[in-house]
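J.: Got a file for you: start33.csv, CSV, C-alpha atoms.
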chain,number,residue,atom,x,y,z
R,1,MET,CA,-95.2,83.9,-7.0
R,2,LEU,CA,-91.5,84.2,-6.6
R,3,ALA,CA,-89.6,84.3,-9.8
R,4,LEU,CA,-86.1,82.9,-9.9
R,5,ASP,CA,-83.6,84.3,-12.1
R,6,ASP,CA,-81.8,81.9,-14.4
R,7,ASP,CA,-78.5,83.2,-13.0
R,8,THR,CA,-79.3,81.9,-9.6
R,9,LEU,CA,-79.6,78.2,-10.7
R,10,PRO,CA,-76.7,75.9,-9.8
R,11,PRO,CA,-74.5,74.8,-12.6
R,12,PRO,CA,-75.0,71.3,-13.9
R,13,PRO,CA,-72.6,68.6,-12.7
R,14,PRO,CA,-69.6,68.0,-14.9
R,15,ARG,CA,-69.9,64.9,-17.3
R,16,ARG,CA,-67.7,62.0,-16.4
R,17,VAL,CA,-65.5,60.9,-19.1
R,18,PRO,CA,-64.9,57.1,-19.1
R,19,VAL,CA,-61.4,56.2,-18.4
R,20,GLN,CA,-60.0,53.7,-20.8
R,21,MET,CA,-58.0,51.0,-18.9
R,22,PRO,CA,-54.9,49.7,-20.5
R,23,TRP,CA,-55.3,46.4,-22.4
R,24,GLY,CA,-53.0,44.6,-20.0
R,25,LEU,CA,-55.0,45.6,-16.9
R,26,ARG,CA,-58.3,44.5,-18.6
R,27,VAL,CA,-56.8,41.0,-19.3
R,28,ARG,CA,-55.6,40.8,-15.8
R,29,GLU,CA,-59.0,41.6,-14.3
R,30,TRP,CA,-60.7,39.1,-16.7
R,31,ALA,CA,-58.2,36.4,-15.6
R,32,LEU,CA,-58.7,37.1,-11.9
R,33,GLY,CA,-62.5,36.9,-12.3
R,34,TYR,CA,-62.4,33.5,-14.1
R,35,LEU,CA,-59.4,32.1,-12.1
R,36,PRO,CA,-61.5,29.8,-9.8
R,37,LEU,CA,-63.3,28.3,-12.8
R,38,LEU,CA,-60.1,27.7,-14.6
R,39,MET,CA,-58.5,26.1,-11.6
R,40,MET,CA,-61.4,23.7,-11.3
R,41,ALA,CA,-61.3,22.8,-14.9
R,42,LEU,CA,-57.5,22.1,-14.7
R,43,LEU,CA,-58.0,20.0,-11.6
R,44,ALA,CA,-60.6,17.9,-13.3
R,45,LEU,CA,-58.5,17.4,-16.4
R,46,ALA,CA,-55.5,16.4,-14.3
R,47,THR,CA,-57.6,13.9,-12.3
R,48,TRP,CA,-58.9,12.3,-15.5
R,49,TRP,CA,-55.4,12.0,-16.9
R,50,LEU,CA,-54.1,10.4,-13.8
R,51,VAL,CA,-56.9,7.8,-13.7
R,52,LYS,CA,-56.5,7.0,-17.4
R,53,ASN,CA,-52.7,6.6,-17.2
R,54,THR,CA,-52.2,5.0,-13.8
R,55,PRO,CA,-51.5,1.2,-14.2
R,56,SER,CA,-53.9,-1.1,-12.5
R,57,ALA,CA,-52.9,-3.7,-10.0
R,58,PRO,CA,-52.5,-7.2,-11.3
R,59,GLY,CA,-55.7,-9.2,-11.4
R,60,THR,CA,-58.1,-6.2,-10.9
R,61,ASP,CA,-59.0,-5.8,-14.6
R,62,THR,CA,-60.4,-9.2,-15.3
R,63,GLU,CA,-60.6,-12.2,-13.0
R,64,ARG,CA,-58.5,-15.2,-14.2
R,65,PRO,CA,-60.6,-18.2,-15.0
R,66,VAL,CA,-60.2,-21.1,-12.6
R,67,SER,CA,-58.5,-24.0,-14.3
R,68,HIS,CA,-59.6,-27.6,-13.9
R,69,VAL,CA,-56.6,-28.5,-11.7
R,70,PRO,CA,-56.9,-30.1,-8.2
R,71,ASP,CA,-56.1,-27.8,-5.3
R,72,TYR,CA,-55.5,-30.6,-2.9
R,73,THR,CA,-55.4,-34.4,-2.8
R,74,MET,CA,-55.7,-37.1,-0.1
R,75,ASN,CA,-54.4,-40.7,-0.2
R,76,GLY,CA,-56.0,-43.6,1.6
R,77,PHE,CA,-58.8,-41.4,2.9
R,78,THR,CA,-62.1,-41.9,4.7
R,79,THR,CA,-64.8,-39.2,4.9
R,80,GLN,CA,-68.1,-39.4,6.8
R,81,ARG,CA,-71.2,-37.3,6.8
R,82,PHE,CA,-73.7,-37.3,9.8
R,83,ALA,CA,-77.3,-36.3,10.2
R,84,PRO,CA,-78.3,-33.4,12.6
R,85,THR,CA,-79.2,-36.1,15.1
R,86,GLY,CA,-75.6,-37.5,15.0
R,87,ALA,CA,-76.4,-40.6,13.0
R,88,LEU,CA,-74.0,-41.7,10.3
R,89,ARG,CA,-75.4,-41.1,6.8
R,90,VAL,CA,-72.6,-41.6,4.3
R,91,GLN,CA,-69.1,-42.9,4.5
R,92,ILE,CA,-66.8,-42.7,1.5
R,93,GLU,CA,-63.4,-44.4,1.2
R,94,GLY,CA,-60.9,-44.5,-1.6
R,95,ALA,CA,-57.3,-44.8,-2.7
R,96,GLN,CA,-57.0,-41.2,-3.7
R,97,LEU,CA,-59.2,-38.1,-3.6
R,98,ARG,CA,-58.7,-35.0,-5.7
R,99,HIS,CA,-60.7,-31.8,-5.3
R,100,TYR,CA,-61.4,-29.5,-8.2
R,101,PRO,CA,-62.2,-25.9,-7.2
R,102,ASP,CA,-63.7,-24.8,-10.6
R,103,THR,CA,-66.6,-27.3,-10.2
R,104,ASP,CA,-66.3,-28.0,-6.5
R,105,THR,CA,-66.3,-31.7,-7.1
R,106,PHE,CA,-64.3,-34.7,-5.9
R,107,GLU,CA,-62.7,-37.3,-8.1
R,108,ILE,CA,-62.0,-40.6,-6.3
R,109,ASP,CA,-60.1,-43.6,-7.3
R,110,ASN,CA,-61.2,-47.1,-6.2
R,111,VAL,CA,-64.2,-45.7,-4.3
R,112,ARG,CA,-66.2,-47.5,-1.7
R,113,ILE,CA,-69.4,-46.0,-0.4
R,114,ARG,CA,-71.7,-47.0,2.5
R,115,ALA,CA,-74.9,-45.0,2.9
R,116,LEU,CA,-77.5,-45.6,5.6
R,117,GLY,CA,-81.2,-44.7,5.0
R,118,GLU,CA,-83.6,-43.3,7.6
R,119,ASP,CA,-85.3,-46.7,7.9
R,120,GLY,CA,-82.0,-48.4,8.6
R,121,SER,CA,-81.5,-49.8,5.1
R,122,VAL,CA,-77.9,-49.9,3.9
R,123,THR,CA,-76.5,-49.1,0.4
R,124,ASN,CA,-73.0,-50.2,-0.6
R,125,ALA,CA,-71.4,-49.0,-3.8
R,126,THR,CA,-68.0,-49.5,-5.5
R,127,ALA,CA,-66.3,-48.4,-8.7
R,128,ARG,CA,-62.9,-47.8,-10.2
R,129,ARG,CA,-63.5,-44.1,-10.3
R,130,ALA,CA,-66.2,-41.7,-9.0
R,131,LEU,CA,-67.2,-38.1,-9.3
R,132,SER,CA,-68.9,-36.7,-6.2
R,133,ASP,CA,-70.4,-33.4,-5.1
R,134,GLY,CA,-69.1,-31.8,-1.9
R,135,LYS,CA,-71.6,-33.5,0.4
R,136,GLY,CA,-71.5,-36.9,-1.2
R,137,THR,CA,-75.3,-36.8,-2.0
R,138,HIS,CA,-74.7,-37.3,-5.8
R,139,VAL,CA,-72.0,-39.7,-6.9
R,140,GLN,CA,-71.2,-40.8,-10.4
R,141,LEU,CA,-69.7,-44.3,-10.4
R,142,LEU,CA,-67.6,-45.0,-13.4
R,143,GLY,CA,-65.9,-48.3,-14.4
R,144,SER,CA,-67.2,-51.7,-13.0
R,145,ALA,CA,-69.8,-49.8,-11.0
R,146,GLN,CA,-71.9,-51.7,-8.5
R,147,VAL,CA,-74.6,-50.6,-6.1
R,148,VAL,CA,-76.3,-53.0,-3.7
R,149,HIS,CA,-79.4,-51.9,-1.7
R,150,GLU,CA,-80.0,-54.0,1.4
R,151,THR,CA,-83.4,-53.8,3.1
R,152,THR,CA,-84.6,-54.5,6.7
R,153,ASP,CA,-87.8,-56.4,5.8
R,154,GLY,CA,-86.1,-59.7,4.9
R,155,ARG,CA,-86.3,-59.2,1.1
R,156,GLU,CA,-83.4,-60.1,-1.2
R,157,PRO,CA,-81.0,-57.2,-1.8
R,158,VAL,CA,-81.2,-55.4,-5.1
R,159,GLU,CA,-78.0,-55.2,-7.0
R,160,PHE,CA,-77.1,-52.9,-10.0
R,161,ARG,CA,-74.1,-53.4,-12.3
R,162,GLY,CA,-72.9,-51.2,-15.1
R,163,GLU,CA,-70.1,-49.1,-16.4
R,164,ALA,CA,-71.8,-45.8,-15.4
R,165,LEU,CA,-74.2,-45.5,-12.5
R,166,GLN,CA,-75.4,-42.4,-10.6
R,167,LEU,CA,-76.1,-42.9,-6.9
R,168,PHE,CA,-78.2,-40.3,-5.0
R,169,THR,CA,-77.6,-41.2,-1.3
R,170,GLU,CA,-80.2,-38.8,0.3
R,171,THR,CA,-83.1,-39.9,-1.9
R,172,GLU,CA,-81.9,-43.5,-2.3
R,173,ARG,CA,-82.1,-43.5,-6.1
R,174,VAL,CA,-80.0,-45.2,-8.8
R,175,TYR,CA,-80.0,-43.8,-12.3
R,176,SER,CA,-78.2,-44.6,-15.5
R,177,ASP,CA,-78.8,-43.9,-19.2
R,178,GLN,CA,-76.3,-46.6,-20.2
R,179,PRO,CA,-76.7,-50.4,-20.2
R,180,VAL,CA,-77.4,-51.8,-16.7
R,181,GLN,CA,-77.9,-55.2,-15.1
R,182,VAL,CA,-80.3,-55.6,-12.2
R,183,LEU,CA,-80.1,-58.7,-9.9
R,184,GLN,CA,-82.4,-59.7,-7.1
R,185,GLY,CA,-82.2,-63.3,-5.9
R,186,ARG,CA,-82.4,-65.4,-9.1
R,187,ASN,CA,-84.0,-62.6,-11.1
R,188,ASP,CA,-81.8,-61.0,-13.7
R,189,ILE,CA,-82.9,-58.0,-15.8
R,190,ARG,CA,-80.8,-56.2,-18.4
R,191,ALA,CA,-81.9,-52.8,-19.8
R,192,ALA,CA,-80.5,-49.8,-21.7
R,193,GLY,CA,-81.1,-47.6,-18.7
R,194,ILE,CA,-82.8,-47.4,-15.4
R,195,ASP,CA,-84.3,-45.0,-12.8
R,196,TYR,CA,-84.8,-46.8,-9.6
R,197,ASP,CA,-86.4,-45.4,-6.4
R,198,HIS,CA,-85.5,-47.6,-3.5
R,199,ARG,CA,-88.1,-46.0,-1.1
R,200,SER,CA,-91.0,-46.8,-3.4
R,201,ARG,CA,-89.4,-49.9,-4.9
R,202,VAL,CA,-90.3,-48.7,-8.4
R,203,ALA,CA,-87.9,-49.1,-11.3
R,204,GLN,CA,-88.4,-47.4,-14.7
R,205,LEU,CA,-86.5,-49.4,-17.3
R,206,GLN,CA,-85.4,-48.2,-20.8
R,207,GLY,CA,-85.6,-50.7,-23.7
R,208,PRO,CA,-84.5,-53.0,-25.1
R,209,ILE,CA,-85.1,-55.1,-22.0
R,210,LYS,CA,-84.1,-58.7,-21.4
R,211,ALA,CA,-85.3,-60.4,-18.2
R,212,ARG,CA,-85.0,-63.8,-16.6
R,213,LEU,CA,-87.5,-64.0,-13.7
R,214,ASP,CA,-87.7,-66.7,-11.1
R,215,PRO,CA,-91.4,-67.5,-10.6
R,216,PRO,CA,-92.7,-67.1,-7.0
R,217,ALA,CA,-92.9,-70.3,-5.0
R,218,ARG,CA,-96.3,-71.9,-5.0
R,219,ARG,CA,-98.1,-72.3,-1.7
R,220,ARG,CA,-98.9,-75.8,-0.8
Could you quickly redo this structure as structure tokens?
T.:
Amino acid sequence: MLALDDDTLPPPPPRRVPVQMPWGLRVREWALGYLPLLMMALLALATWWLVKNTPSAPGTDTERPVSHVPDYTMNGFTTQRFAPTGALRVQIEGAQLRHYPDTDTFEIDNVRIRALGEDGSVTNATARRALSDGKGTHVQLLGSAQVVHETTDGREPVEFRGEALQLFTETERVYSDQPVQVLQGRNDIRAAGIDYDHRSRVAQLQGPIKARLDPPARRR
């Protein structure tokens, strides 16, 4: 074995003494390390402040309610609605028409309506005032209202009178929850309300009811 003398061993490396950085340099290095995070936080804070304090454009916060004021009127007008086949279905005339955008309805003074059914029957209606939907399929007749259903089978026309009648031109119905008078030939019926379907010729009357009916002619 070879013995080594202790004097031949290399001296141990010198110990490194940690160098104390000045306080200012340490703060600077800490700030440089966290600078991107600080910049992002400041940018987010600035964006929030701008959004919170920027005045909004007029009308973007809340929508203003539409008031019940007509947006246009027509005097001495006539409107017509046709079926897909080109046949005339409804014609409405009046002294003045006013359109209300909040309800999308028409108010008509001295209204006159002529509606043609699919079977060729004709319905005429008049009133001092009317409220109609945009297509003229549902019309409320107000003030001296009159509706006359004419048929094509030779029967007497059916006439309705009242201060408030509702006419459904597409389904050929007449409805009212107020007093109504029904006339056909010499028949006279008065009721507190009515729901009449012209296609089925069925009338549902609300009481009290008063009727004067002409008996059918006897066959000889």
J.: Could you state the separation of CA of Asp109 (chain R) and CA of Ala125 (chain R) in Å, given to one decimal place?
T.: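 Interatomic distance here is 13.0 Å.
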J.: Looking at R:Ala95, R:Ala211, R:Ala87, R:Val148, which one is nearest to Arg114 (chain R), with distances taken over only C-alpha atoms?
T.: R:Val148
J.: Counting only C-alpha atoms, which residue out of R:Ile189, R:Val202, R:Met40, R:Ala145 sits closest to Ser176 (chain R)?
T.: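 Looking at the shortest contact to Ser176 (chain R), the residue is R:Ala145.
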J.: Counting all atoms listed in the file, which residues have an atom no more than 8 Å from (-86.3, -62.9, -11.0) in the file's coordinates? Please list them as an MDAnalysis selection string.
T.: chainID R and resid 183:189 211:215
J.: Could you tell me which of R:Asp177, R:Glu93, R:Asp71, R:Glu150 comes closest to Gly162 (chain R) if we count all atoms listed in the file?
T.: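 The closest residue to Gly162 (chain R) is R:Asp177.
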J.: Might you pull out every residue within 7 Å of Asn124 (chain R), with all atoms listed in the file counted and same-chain residues fewer than 2 positions away left off, and present them as a short mmCIF file (atom, residue, chain, number, x, y, z; two decimals) with C-alpha atoms, in the frame of the given file?
T.:
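Generated file (selection-v8.cif):
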data_model
loop_
_atom_site.label_atom_id
_atom_site.label_comp_id
_atom_site.auth_asym_id
_atom_site.auth_seq_id
_atom_site.Cartn_x
_atom_site.Cartn_y
_atom_site.Cartn_z
CA ILE R 113 -69.40 -46.00 -0.40
CA ARG R 114 -71.70 -47.00 2.50
CA ALA R 115 -74.90 -45.00 2.90
CA VAL R 122 -77.90 -49.90 3.90
CA VAL R 147 -74.60 -50.60 -6.10
CA VAL R 148 -76.30 -53.00 -3.70
CA HIS R 149 -79.40 -51.90 -1.70
#
J.: Compile the contact shell of Phe160 (chain R) as a list in words: residues with an atom at most 6 Å away, counting only C-alpha atoms, same-chain residues fewer than 5 positions apart removed.
T.: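 That gives Gln146, Val147, Gln181 and Val182 of chain R.
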J.: Give me, please, the distance in Å between CA of Arg201 (chain R) and CA of Thr79 (chain R), quoted to one decimal.
T.: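 Spanning CA of Arg201 (chain R) to CA of Thr79 (chain R) is a straight-line distance of 28.6 Å.
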J.: Quick one: everything within 10 Å of region 194-197 of chain R, counting only C-alpha atoms, minus sequence neighbours fewer than 3 positions away in the same chain. Send it as a list in words.
T.: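 Counting only the stated atoms, we get Phe160, Leu165, Gln166, Leu167, Phe168, Thr171, Glu172, Arg173, Val174, Tyr175, Ser176, Asp177, Gln178, Pro179, Val180, Gln181, Val182, Arg190, Ala191, Ser200, Arg201, Val202, Ala203, Gln204, Leu205, Gln206 and Gly207 of chain R.
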J.: Could you dump the residues just selected with C-alpha atoms as a JSON list (two decimals), in the coordinates of the input?
T.:
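Everything below was put into selection04.json:
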[["chain", "number", "residue", "atom", "x", "y", "z"],
["R", 160, "PHE", "CA", -77.10, -52.90, -10.00],
["R", 165, "LEU", "CA", -74.20, -45.50, -12.50],
["R", 166, "GLN", "CA", -75.40, -42.40, -10.60],
["R", 167, "LEU", "CA", -76.10, -42.90, -6.90],
["R", 168, "PHE", "CA", -78.20, -40.30, -5.00],
["R", 171, "THR", "CA", -83.10, -39.90, -1.90],
["R", 172, "GLU", "CA", -81.90, -43.50, -2.30],
["R", 173, "ARG", "CA", -82.10, -43.50, -6.10],
["R", 174, "VAL", "CA", -80.00, -45.20, -8.80],
["R", 175, "TYR", "CA", -80.00, -43.80, -12.30],
["R", 176, "SER", "CA", -78.20, -44.60, -15.50],
["R", 177, "ASP", "CA", -78.80, -43.90, -19.20],
["R", 178, "GLN", "CA", -76.30, -46.60, -20.20],
["R", 179, "PRO", "CA", -76.70, -50.40, -20.20],
["R", 180, "VAL", "CA", -77.40, -51.80, -16.70],
["R", 181, "GLN", "CA", -77.90, -55.20, -15.10],
["R", 182, "VAL", "CA", -80.30, -55.60, -12.20],
["R", 190, "ARG", "CA", -80.80, -56.20, -18.40],
["R", 191, "ALA", "CA", -81.90, -52.80, -19.80],
["R", 200, "SER", "CA", -91.00, -46.80, -3.40],
["R", 201, "ARG", "CA", -89.40, -49.90, -4.90],
["R", 202, "VAL", "CA", -90.30, -48.70, -8.40],
["R", 203, "ALA", "CA", -87.90, -49.10, -11.30],
["R", 204, "GLN", "CA", -88.40, -47.40, -14.70],
["R", 205, "LEU", "CA", -86.50, -49.40, -17.30],
["R", 206, "GLN", "CA", -85.40, -48.20, -20.80],
["R", 207, "GLY", "CA", -85.60, -50.70, -23.70]]
J.: With only C-alpha atoms as the basis for distance, which of R:Thr137, R:Thr123, R:Thr105, R:Ser132 is at the shortest distance from Thr151 (chain R)?
T.: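 Counting only C-alpha atoms, the residue closest to Thr151 (chain R) is R:Thr123.
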J.: Report, in Å to a single decimal, how far apart CA of Ser67 (chain R) and CA of Lys135 (chain R) are.
T.: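 We find that CA of Lys135 (chain R) and CA of Ser67 (chain R) lie 21.9 Å from each other.
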J.: Could you name the residues that touch Asp104 (chain R) at 9 Å or less, counting all atoms listed in the file, but leaving out those on the same chain fewer than 5 positions away, as a list in words?
T.: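 Non-adjacent residues within range: His99, Asp133 and Gly134 of chain R.
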J.: Which polymer residues have any atom within 8 Å of an atom of Ile108 (chain R), counting only C-alpha atoms, with same-chain residues fewer than 5 positions away left out, as a ChimeraX atom specification?
T.: /R:94-98,129-132
J.: Using the file's own x, y and z axes, so that the box edges lie along x, y and z, what centre and edge lengths in Å (one decimal) does a box around every listed atom of region 96-106 of chain R get when 4 Å is added on each side? Give it as lines of an AutoDock Vina configuration file.
T.:
center_x = -61.8
center_y = -33.0
center_z = -7.1
size_x = 17.6
size_y = 24.4
size_z = 15.0
J.: Compare R:Ile92, R:Val139, R:Ala127, R:Ala164 by their minimum atom-to-atom distance to Ala192 (chain R), counting only C-alpha atoms, and give me the closest one.
T.: R:Ala164
